[in-house]
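K.L.:
Here you go, coords12.cif (mmCIF, C-alpha atoms and all ligand atoms):
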data_my_file
loop_
_atom_site.label_atom_id
_atom_site.label_comp_id
_atom_site.auth_asym_id
_atom_site.auth_seq_id
_atom_site.Cartn_x
_atom_site.Cartn_y
_atom_site.Cartn_z
CA MET A 1 12.90 14.88 -26.67
CA ASN A 2 13.15 17.89 -24.36
CA CYS A 3 11.67 18.57 -20.91
CA VAL A 4 8.34 20.41 -21.25
CA LYS A 5 9.22 22.63 -18.30
CA CYS A 6 12.87 23.69 -18.63
CA LYS A 7 13.63 22.56 -22.23
CA THR A 8 16.81 20.62 -21.29
CA LYS A 9 17.19 16.98 -22.38
CA ALA A 10 14.35 14.83 -21.05
CA VAL A 11 14.95 11.48 -19.31
CA ILE A 12 11.36 10.21 -19.35
CA GLY A 13 8.30 10.62 -21.56
CA LEU A 14 4.81 10.45 -20.08
CA PRO A 15 2.34 9.71 -22.89
CA ARG A 16 -0.71 9.97 -20.60
CA HIS A 17 0.22 13.59 -19.86
CA ASN A 18 1.59 14.23 -23.34
CA ALA A 19 4.77 15.38 -21.59
CA ALA A 20 8.47 14.63 -21.06
CA PHE A 21 10.68 15.67 -18.13
CA CYS A 22 14.32 16.00 -17.12
CA LYS A 23 15.26 14.48 -13.74
CA PRO A 24 14.66 17.55 -11.49
CA CYS A 25 11.36 18.40 -13.22
CA PHE A 26 10.25 14.74 -13.07
CA ASN A 27 10.95 14.64 -9.32
CA GLU A 28 8.94 17.83 -8.98
CA PHE A 29 6.10 16.24 -10.97
CA VAL A 30 6.10 13.14 -8.69
CA HIS A 31 6.19 15.23 -5.51
CA ASP A 32 3.41 17.42 -6.87
CA GLN A 33 1.18 14.41 -7.69
CA VAL A 34 1.63 13.10 -4.13
CA SER A 35 0.92 16.53 -2.61
CA ARG A 36 -2.25 16.81 -4.71
CA ALA A 37 -3.40 13.37 -3.56
CA ILE A 38 -2.78 14.27 0.11
CA LYS A 39 -4.70 17.52 -0.26
CA ALA A 40 -7.58 16.24 -2.40
CA GLU A 41 -8.32 13.32 -0.06
CA ARG A 42 -7.42 15.18 3.16
CA MET A 43 -5.00 12.37 4.04
CA PHE A 44 -2.86 14.05 6.72
CA GLY A 45 -1.27 17.29 7.78
CA ARG A 46 2.21 18.53 8.67
CA ALA A 47 1.84 17.71 12.37
CA ASP A 48 0.63 14.13 11.84
CA ARG A 49 2.76 11.03 12.45
CA ILE A 50 2.60 8.67 9.47
CA LEU A 51 3.42 4.95 9.41
CA VAL A 52 4.37 3.73 5.92
CA ALA A 53 3.92 0.03 5.14
CA VAL A 54 7.14 -0.91 3.29
CA SER A 55 7.76 -4.17 1.43
CA GLY A 56 11.13 -3.57 -0.25
CA GLY A 57 9.42 -2.95 -3.61
CA LYS A 58 9.69 0.29 -5.59
CA ASP A 59 6.30 1.73 -4.65
CA SER A 60 6.51 1.66 -0.86
CA LEU A 61 10.15 2.79 -0.79
CA ALA A 62 9.38 5.60 -3.26
CA LEU A 63 6.45 6.61 -1.04
CA TRP A 64 8.63 6.73 2.07
CA ASP A 65 11.20 8.75 0.12
CA VAL A 66 8.69 11.28 -1.25
CA LEU A 67 7.08 11.82 2.17
CA LEU A 68 10.48 12.42 3.80
CA LYS A 69 11.52 14.80 1.00
CA LEU A 70 8.25 16.69 1.39
CA GLY A 71 9.11 17.10 5.08
CA TYR A 72 6.49 14.81 6.64
CA HIS A 73 7.12 12.84 9.82
CA ALA A 74 7.07 9.35 8.28
CA ASP A 75 8.29 6.15 9.95
CA ALA A 76 7.91 2.72 8.34
CA LEU A 77 6.96 -0.84 9.24
CA TYR A 78 8.29 -3.89 7.40
CA VAL A 79 6.71 -7.31 7.93
CA ASP A 80 9.23 -10.11 7.32
CA LEU A 81 7.10 -12.98 6.00
CA GLY A 82 9.91 -15.55 6.00
CA ILE A 83 9.42 -16.54 2.34
CA PRO A 84 12.60 -18.36 1.19
CA GLY A 85 14.51 -16.52 -1.54
CA TYR A 86 12.32 -13.42 -1.29
CA SER A 87 11.97 -12.07 2.24
CA ALA A 88 15.71 -11.85 3.04
CA LYS A 89 16.36 -9.84 -0.13
CA SER A 90 13.39 -7.50 0.32
CA ARG A 91 14.33 -6.90 3.97
CA GLU A 92 17.88 -6.07 2.90
CA GLU A 93 16.58 -3.38 0.50
CA VAL A 94 14.37 -1.85 3.19
CA GLU A 95 17.19 -1.79 5.75
CA ARG A 96 19.60 -0.35 3.21
CA TYR A 97 17.21 2.50 2.40
CA ALA A 98 16.51 3.11 6.09
CA ASP A 99 20.24 3.35 6.91
CA ARG A 100 21.11 5.51 3.90
CA VAL A 101 18.19 7.95 3.73
CA ALA A 102 15.54 7.55 6.42
CA LYS A 103 17.64 7.44 9.60
CA PRO A 104 19.57 10.62 8.70
CA CYS A 105 16.09 12.25 8.39
CA HIS A 106 15.30 11.01 11.96
CA ALA A 107 12.79 8.46 10.65
CA THR A 108 12.48 5.00 12.22
CA LEU A 109 12.11 1.56 10.66
CA LEU A 110 10.03 -0.94 12.66
CA ILE A 111 10.30 -4.64 11.80
CA HIS A 112 7.84 -7.40 12.56
CA THR A 113 9.19 -10.92 11.93
CA VAL A 114 6.42 -13.48 11.35
CA GLN A 115 8.68 -16.44 12.12
CA GLU A 116 9.60 -14.99 15.53
CA GLU A 117 6.25 -13.49 16.54
CA GLU A 118 3.83 -16.01 15.08
CA GLY A 119 6.06 -19.08 15.50
CA ALA A 120 6.36 -20.06 11.80
CA GLY A 121 6.92 -18.48 8.36
CA ILE A 122 3.89 -17.44 6.33
CA ARG A 123 3.83 -20.51 4.04
CA GLU A 124 4.03 -22.89 6.97
CA LEU A 125 1.28 -20.99 8.81
CA ALA A 126 -0.98 -21.08 5.75
CA ASP A 127 -0.42 -24.85 5.39
CA LEU A 128 -1.22 -25.39 9.06
CA ILE A 129 -4.59 -23.70 8.75
CA ASN A 130 -5.30 -24.93 5.25
CA ARG A 131 -5.63 -21.52 3.64
CA PRO A 132 -3.99 -19.99 0.55
CA THR A 133 -0.72 -18.23 1.50
CA CYS A 134 -1.92 -14.82 0.26
CA SER A 135 -5.07 -14.99 2.36
CA ALA A 136 -3.10 -15.78 5.55
CA CYS A 137 -0.56 -13.11 4.60
CA GLY A 138 -3.28 -10.49 4.09
CA THR A 139 -4.77 -11.21 7.53
CA ILE A 140 -1.38 -10.99 9.28
CA LYS A 141 -0.23 -7.83 7.48
CA ARG A 142 -3.53 -5.98 8.00
CA TYR A 143 -3.51 -6.93 11.69
CA GLN A 144 0.13 -6.09 12.40
CA PHE A 145 0.07 -2.75 10.56
CA ASN A 146 -3.09 -1.69 12.28
CA ARG A 147 -1.81 -2.79 15.68
CA ALA A 148 1.52 -0.98 15.26
CA ALA A 149 -0.24 2.19 14.09
CA VAL A 150 -2.76 2.21 16.93
CA GLU A 151 -0.44 1.10 19.76
CA GLN A 152 2.33 3.49 18.79
CA ASP A 153 0.00 6.45 18.27
CA TYR A 154 0.45 7.06 14.57
CA ASP A 155 -2.23 9.28 13.11
CA VAL A 156 -2.39 7.48 9.80
CA MET A 157 -1.10 4.42 7.96
CA ALA A 158 0.11 4.89 4.35
CA THR A 159 0.51 2.16 1.73
CA GLY A 160 2.28 2.27 -1.65
CA HIS A 161 -0.71 1.31 -3.84
CA ASN A 162 -0.32 3.08 -7.17
CA LEU A 163 -2.66 3.90 -10.07
CA ASP A 164 -2.03 0.49 -11.71
CA ASP A 165 -2.90 -1.34 -8.47
CA GLU A 166 -6.08 0.64 -7.91
CA ALA A 167 -7.26 0.44 -11.54
CA ALA A 168 -6.65 -3.35 -11.58
CA ARG A 169 -8.51 -3.75 -8.30
CA LEU A 170 -11.37 -1.65 -9.63
CA LEU A 171 -11.54 -3.77 -12.78
CA GLY A 172 -11.73 -6.93 -10.65
CA ASN A 173 -14.43 -5.46 -8.42
CA VAL A 174 -16.48 -4.34 -11.43
CA LEU A 175 -16.09 -7.64 -13.31
CA HIS A 176 -17.49 -9.50 -10.30
CA TRP A 177 -19.84 -6.69 -9.16
CA GLN A 178 -18.38 -6.74 -5.66
CA ASP A 179 -20.58 -3.95 -4.31
CA ASP A 180 -19.14 -4.06 -0.80
CA TYR A 181 -15.57 -3.79 -2.06
CA LEU A 182 -16.54 -1.03 -4.52
CA ASP A 183 -18.04 0.89 -1.61
CA LYS A 184 -14.82 0.70 0.35
CA GLN A 185 -12.37 1.23 -2.54
CA SER A 186 -10.96 4.64 -1.73
CA PRO A 187 -7.53 6.32 -1.48
CA SER A 188 -8.45 7.41 2.05
CA LEU A 189 -10.34 5.34 4.62
CA PRO A 190 -11.07 7.16 7.86
CA ALA A 191 -10.33 5.76 11.32
CA SER A 192 -14.01 4.92 11.55
CA VAL A 193 -13.92 3.41 15.04
CA GLU A 194 -11.62 3.35 18.05
CA GLY A 195 -8.87 0.80 17.39
CA PHE A 196 -8.82 1.15 13.59
CA ALA A 197 -6.10 3.37 12.10
CA LYS A 198 -6.88 5.73 9.22
CA LYS A 199 -5.50 4.27 5.96
CA VAL A 200 -4.34 6.26 2.93
CA LYS A 201 -2.81 5.63 -0.51
CA PRO A 202 -0.88 8.77 -1.51
CA LEU A 203 0.47 7.22 -4.78
CA TYR A 204 -2.91 6.71 -6.45
CA ARG A 205 -2.15 9.43 -9.02
CA LEU A 206 1.13 7.79 -10.19
CA THR A 207 1.69 4.70 -12.35
CA GLU A 208 3.96 1.74 -11.72
CA ARG A 209 6.26 2.87 -14.54
CA GLU A 210 6.55 6.39 -13.12
CA LEU A 211 7.40 5.02 -9.67
CA ALA A 212 10.01 2.63 -11.08
CA ALA A 213 11.56 5.61 -12.91
CA TYR A 214 11.49 7.68 -9.70
CA ALA A 215 13.27 4.89 -7.78
CA VAL A 216 15.94 4.40 -10.46
CA LEU A 217 16.59 8.13 -10.97
CA ASN A 218 16.91 8.67 -7.21
CA ARG A 219 19.10 5.59 -6.68
CA ILE A 220 16.61 3.80 -4.46
CA ASP A 221 17.50 0.09 -4.64
CA TYR A 222 14.44 -2.14 -4.53
CA ILE A 223 13.52 -5.76 -5.05
CA VAL A 224 12.47 -6.08 -8.69
CA GLU A 225 10.98 -9.59 -8.45
CA GLU A 226 7.36 -9.93 -7.35
CA CYS A 227 6.66 -12.09 -4.30
CA PRO A 228 6.71 -15.70 -5.68
CA MET A 229 3.24 -16.27 -4.16
CA ALA A 230 1.75 -13.62 -6.51
CA LYS A 231 2.31 -15.91 -9.52
CA GLY A 232 -0.94 -16.57 -11.38
CA SER A 233 -2.87 -13.93 -9.40
CA LYS A 234 -5.92 -12.38 -11.08
CA LEU A 235 -4.65 -8.91 -10.21
CA LEU A 236 -1.58 -9.44 -12.42
CA LEU A 237 -3.86 -10.49 -15.28
CA TYR A 238 -6.01 -7.35 -14.87
CA LYS A 239 -2.84 -5.23 -14.87
CA GLU A 240 -1.72 -6.85 -18.14
CA VAL A 241 -5.08 -6.16 -19.75
CA LEU A 242 -5.04 -2.52 -18.59
CA ASN A 243 -1.46 -2.10 -19.85
CA ARG A 244 -2.59 -3.30 -23.27
CA LEU A 245 -5.38 -0.70 -23.27
CA GLU A 246 -2.99 1.98 -21.99
CA THR A 247 -0.54 1.34 -24.86
CA GLU A 248 -3.32 1.72 -27.43
CA SER A 249 -4.93 4.65 -25.66
CA PRO A 250 -2.71 6.53 -23.15
CA GLY A 251 -4.62 7.78 -20.11
CA THR A 252 -7.06 4.84 -19.96
CA LYS A 253 -6.08 3.75 -16.42
CA GLN A 254 -6.30 7.30 -15.12
CA ARG A 255 -9.69 7.94 -16.73
CA PHE A 256 -11.02 4.61 -15.42
CA TYR A 257 -9.91 5.02 -11.78
CA TRP A 258 -10.15 8.79 -11.34
CA GLY A 259 -13.53 8.70 -13.11
CA PHE A 260 -14.70 6.13 -10.57
CA LEU A 261 -13.52 8.34 -7.68
CA GLU A 262 -15.39 11.34 -9.11
CA LYS A 263 -18.62 9.37 -9.45
CA GLN A 264 -18.18 7.89 -5.98
CA ALA A 265 -17.65 11.34 -4.43
CA LYS A 266 -20.83 12.65 -6.09
CA ALA A 267 -22.88 9.61 -5.14
CA ARG A 268 -22.43 9.56 -1.36
CA PRO A 269 -20.66 11.04 1.64
CA VAL A 270 -18.26 8.08 2.21
CA PRO A 271 -16.75 8.79 5.65
CA THR A 272 -20.00 9.38 7.52
CA SER A 273 -21.99 6.47 6.13
CA MET A 274 -19.07 4.05 6.58
CA ALA A 275 -18.33 5.19 10.09
CA GLU A 276 -21.98 4.69 11.04
CA LYS A 277 -22.09 1.26 9.40
CA ASP A 278 -18.86 0.17 11.13
CA GLN A 279 -19.87 1.55 14.52
CA ALA A 280 -23.01 -0.54 14.35
CA THR A 281 -21.26 -3.85 13.62
CA LEU A 282 -17.83 -3.72 15.31
CA ARG A 283 -16.87 -4.74 18.85
CA PRO A 284 -13.56 -5.55 20.60
CA CYS A 285 -12.06 -9.01 19.91
CA ALA A 286 -12.40 -11.24 22.99
CA THR A 287 -8.72 -12.24 22.72
CA CYS A 288 -6.78 -9.15 21.60
CA GLY A 289 -9.22 -6.25 21.88
CA GLN A 290 -8.88 -5.06 18.27
CA PRO A 291 -12.19 -4.19 16.55
CA THR A 292 -13.96 -7.06 14.81
CA THR A 293 -17.42 -8.01 13.60
CA ALA A 294 -17.26 -11.43 15.32
CA GLU A 295 -16.57 -12.58 18.88
CA THR A 296 -12.88 -13.20 17.99
CA CYS A 297 -11.02 -11.36 15.18
CA SER A 298 -9.83 -13.27 12.11
CA TYR A 299 -6.16 -12.93 13.14
CA CYS A 300 -6.75 -14.47 16.59
CA LYS A 301 -8.90 -17.23 15.08
CA MET A 302 -6.19 -17.99 12.55
CA MET A 303 -3.43 -18.01 15.17
CA ALA A 304 -5.42 -20.27 17.48
CA ARG A 305 -5.83 -22.81 14.67
CA ALA A 306 -2.17 -22.51 13.67
CA LYS A 307 -0.92 -22.85 17.26
CA ALA A 308 -2.69 -26.14 17.61
CA GLY A 309 -0.54 -27.41 14.74
CA ILE A 310 2.83 -25.75 15.46
CA PRO A 311 5.33 -28.27 16.92
CA ARG A 312 6.83 -26.99 20.19
S1 LIG B 1 1.84 -12.17 -3.00
FE1 LIG B 1 0.68 -13.09 -1.32
S2 LIG B 1 2.22 -13.90 0.08
FE2 LIG B 1 3.27 -12.47 -1.26
S3 LIG B 1 3.22 -10.52 -0.18
FE3 LIG B 1 1.42 -10.54 -1.52
S4 LIG B 1 -0.24 -11.35 -0.25
FE4 LIG B 1 1.69 -11.83 0.80
ZN ZN B 2 13.19 20.11 -16.74
ZN ZN B 3 -8.03 -10.59 18.06
#
Translate this structure into structure tokens?
Ligand code: SF4
Ligand SMILES: [Zn+2]
Ligand SMILES: [Zn+2]

P.N.:
Amino acid sequence: MNCVKCKTKAVIGLPRHNAAFCKPCFNEFVHDQVSRAIKAERMFGRADRILVAVSGGKDSLALWDVLLKLGYHADALYVDLGIPGYSAKSREEVERYADRVAKPCHATLLIHTVQEEEGAGIRELADLINRPTCSACGTIKRYQFNRAAVEQDYDVMATGHNLDDEAARLLGNVLHWQDDYLDKQSPSLPASVEGFAKKVKPLYRLTERELAAYAVLNRIDYIVEECPMAKGSKLLLYKEVLNRLETESPGTKQRFYWGFLEKQAKARPVPTSMAEKDQATLRPCATCGQPTTAETCSYCKMMARAKAGIPR
């Protein structure tokens, strides 16, 4: 199998593109897919400051790497959830990458430690407020990333969601006809109101397998294991189903998700209608000042309940 561009020996085949690439041409392909995503969705420009949400997994570290290689000003934030046997290892991978590649590029790694800042690890917090761990985790991560981005004047927040993640999420939203979620499922959500950072997903044109290959070929160490709390999640089941379809018919995930984006773009002008809708319903949280639809935001409500139960 030879590279379709330079005809030397290929290191990876991409059935969905009916192509194979050597390492330099594959890196070029990955960089090009990210550049296309940034341009097509008007995610950010050369002068913008980007905050990448890193977890220690292949996707977010590959995203940070690609943005730095493309010459963007990209810092990163890691949230240490304090999950035994998982968080220490994932943090190690993030710090290793930051020391080896990011810091020499003058990029900064910010760390938020849940145990220190919120007074308990994520599992303990979830138990205290009687909520599933992933739901408490989602609230904390969303809040902390948004707060860091807004307070430290980043223009945009970038996450490592890839084509597999977005196609699986779309499948879930369609299976349950979650109209509200379908409305908001987009690779680029504008900073609709004061206090909410713009959020983008520059990897939506690349698959999980392509990103794993990019990390391995570029010697980016990452935590291979999923977070133990993800076990049994519906999203993993949807990914399995889509992988089955992809094997039988390469390009299925891409056609499904990109097709949805095309239809969505034709159907309505997303940024304006969402901004208007949000403006009408959001106000500052009485406790922390971040935008919320209620008197107090869900993070402050959750922390108030947890605090009542945290031993001093
Ligand atoms: S699987 Fe759940 S607990 Fe683990 S990182 Fe994801 S949302 Fe958080
Ligand atoms: Zn080549
Ligand atoms: Zn609040």

K.L.:
Which protein, DNA or RNA residues have an atom within 6 Å of ligand ZN 2 (chain B), counting only C-alpha atoms and all ligand atoms, as a compact mmCIF listing (two decimals) with C-alpha atoms, in the coordinates of the input?

P.N.:
# COMPACT_ATOMS: atom_id res chain seq x y z
CA CYS A 3 11.67 18.57 -20.91
CA LYS A 5 9.22 22.63 -18.30
CA CYS A 6 12.87 23.69 -18.63
CA THR A 8 16.81 20.62 -21.29
CA PHE A 21 10.68 15.67 -18.13
CA CYS A 22 14.32 16.00 -17.12
CA CYS A 25 11.36 18.40 -13.22

K.L.:
For ligand ZN 3 (chain B), list the contacting residues at 6 Å or closer, counting only C-alpha atoms and all ligand atoms, as a PDB file with C-alpha atoms, in the coordinates of the input.

P.N.:
ATOM      1  CA  CYS A 285     -12.060  -9.010  19.910  1.00  0.00           C
ATOM      2  CA  THR A 287      -8.720 -12.240  22.720  1.00  0.00           C
ATOM      3  CA  CYS A 288      -6.780  -9.150  21.600  1.00  0.00           C
ATOM      4  CA  GLY A 289      -9.220  -6.250  21.880  1.00  0.00           C
ATOM      5  CA  GLN A 290      -8.880  -5.060  18.270  1.00  0.00           C
ATOM      6  CA  THR A 296     -12.880 -13.200  17.990  1.00  0.00           C
ATOM      7  CA  CYS A 297     -11.020 -11.360  15.180  1.00  0.00           C
ATOM      8  CA  TYR A 299      -6.160 -12.930  13.140  1.00  0.00           C
ATOM      9  CA  CYS A 300      -6.750 -14.470  16.590  1.00  0.00           C
TER      10      CYS A 300
END

K.L.:
Once you add 4 Å to each side, what are the centre and edge lengths of the axis-aligned box holding all listed atoms of ligand LIG 1 (chain B)? One decimal in Å, as lines of an AutoDock Vina configuration file, if you can.

P.N.:
center_x = 1.5
center_y = -12.2
center_z = -1.1
size_x = 11.5
size_y = 11.4
size_z = 11.8

K.L.:
Around (-15.1, -6.0, 19.6) in the file's own coordinates, what residues are found within 12 Å if you use all atoms listed in the file, given back as a list in words?

P.N.:
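The residues near that point, listed by chain and number, are Val193, Glu194, Gly195, Phe196, Asp278, Gln279, Ala280, Thr281, Leu282, Arg283, Pro284, Cys285, Ala286, Thr287, Cys288, Gly289, Gln290, Pro291, Thr292, Thr293, Ala294, Glu295, Thr296, Cys297 and Ser298 of chain A.
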
K.L.:
Mind checking which residues fall within 6 Å of A:Leu163, counting all atoms listed in the file, ignoring those fewer than 5 positions away in the same chain, and posting them as a VMD selection string?

P.N.:
chain A and resid 204 to 207

K.L.:
Could you give me, as a ChimeraX atom specification, the residues that have an atom at most 6 Å away from the point (4.0, 3.5, 2.7) in the coordinates of the file, using all atoms listed in the file?

P.N.:
/A:52-54,60,63-64,158-160

K.L.:
Would you save stretch 8-75 of chain A to a file, keeping C-alpha atoms, as a compact mmCIF listing (two decimals), in the first residue's frame?

P.N.:
# COMPACT_ATOMS: atom_id res chain seq x y z
CA THR A 8 6.23 6.15 -0.74
CA LYS A 9 5.20 3.38 1.67
CA ALA A 10 1.95 4.22 3.47
CA VAL A 11 1.56 3.86 7.25
CA ILE A 12 -2.24 4.21 7.41
CA GLY A 13 -5.19 3.44 5.15
CA LEU A 14 -8.34 5.57 5.30
CA PRO A 15 -11.21 3.57 3.77
CA ARG A 16 -13.70 6.45 4.11
CA HIS A 17 -11.50 8.56 1.83
CA ASN A 18 -10.39 5.61 -0.27
CA ALA A 19 -6.83 6.73 0.50
CA ALA A 20 -3.59 5.77 2.26
CA PHE A 21 -0.85 8.08 3.55
CA CYS A 22 2.78 8.05 4.68
CA LYS A 23 3.50 9.84 7.99
CA PRO A 24 4.26 13.36 6.63
CA CYS A 25 1.28 13.28 4.23
CA PHE A 26 -1.01 11.93 6.98
CA ASN A 27 0.04 14.78 9.29
CA GLU A 28 -0.69 17.19 6.45
CA PHE A 29 -4.11 15.56 5.98
CA VAL A 30 -4.94 15.93 9.71
CA HIS A 31 -3.77 19.56 9.81
CA ASP A 32 -5.75 20.28 6.66
CA GLN A 33 -8.96 18.77 8.10
CA VAL A 34 -8.60 20.95 11.22
CA SER A 35 -7.90 24.07 9.14
CA ARG A 36 -10.99 23.35 7.02
CA ALA A 37 -13.13 22.96 10.15
CA ILE A 38 -11.83 26.25 11.59
CA LYS A 39 -12.54 28.07 8.34
CA ALA A 40 -15.90 26.48 7.52
CA GLU A 41 -17.34 27.21 10.97
CA ARG A 42 -15.50 30.52 11.46
CA MET A 43 -14.12 29.20 14.76
CA PHE A 44 -11.24 31.64 15.39
CA GLY A 45 -8.52 33.65 13.74
CA ARG A 46 -4.75 34.01 14.04
CA ALA A 47 -4.97 36.78 16.65
CA ASP A 48 -7.40 34.94 18.96
CA ARG A 49 -6.42 33.33 22.27
CA ILE A 50 -7.71 29.76 22.48
CA LEU A 51 -8.24 27.67 25.63
CA VAL A 52 -8.17 23.92 24.90
CA ALA A 53 -9.96 21.60 27.34
CA VAL A 54 -7.49 18.71 27.82
CA SER A 55 -8.25 15.41 29.55
CA GLY A 56 -5.09 13.37 28.93
CA GLY A 57 -6.84 11.37 26.18
CA LYS A 58 -5.69 11.24 22.56
CA ASP A 59 -8.24 13.67 21.13
CA SER A 60 -7.65 16.71 23.33
CA LEU A 61 -3.86 16.30 23.30
CA ALA A 62 -3.88 15.84 19.51
CA LEU A 63 -6.02 18.99 19.24
CA TRP A 64 -3.60 21.01 21.36
CA ASP A 65 -0.72 19.66 19.27
CA VAL A 66 -2.33 20.46 15.90
CA LEU A 67 -3.26 24.01 16.98
CA LEU A 68 0.29 24.69 18.19
CA LYS A 69 1.77 23.24 14.98
CA LEU A 70 -0.57 25.40 12.91
CA GLY A 71 0.78 28.42 14.82
CA TYR A 72 -2.28 29.32 16.90
CA HIS A 73 -2.02 30.82 20.38
CA ALA A 74 -3.45 27.86 22.32
CA ASP A 75 -3.24 27.34 26.09
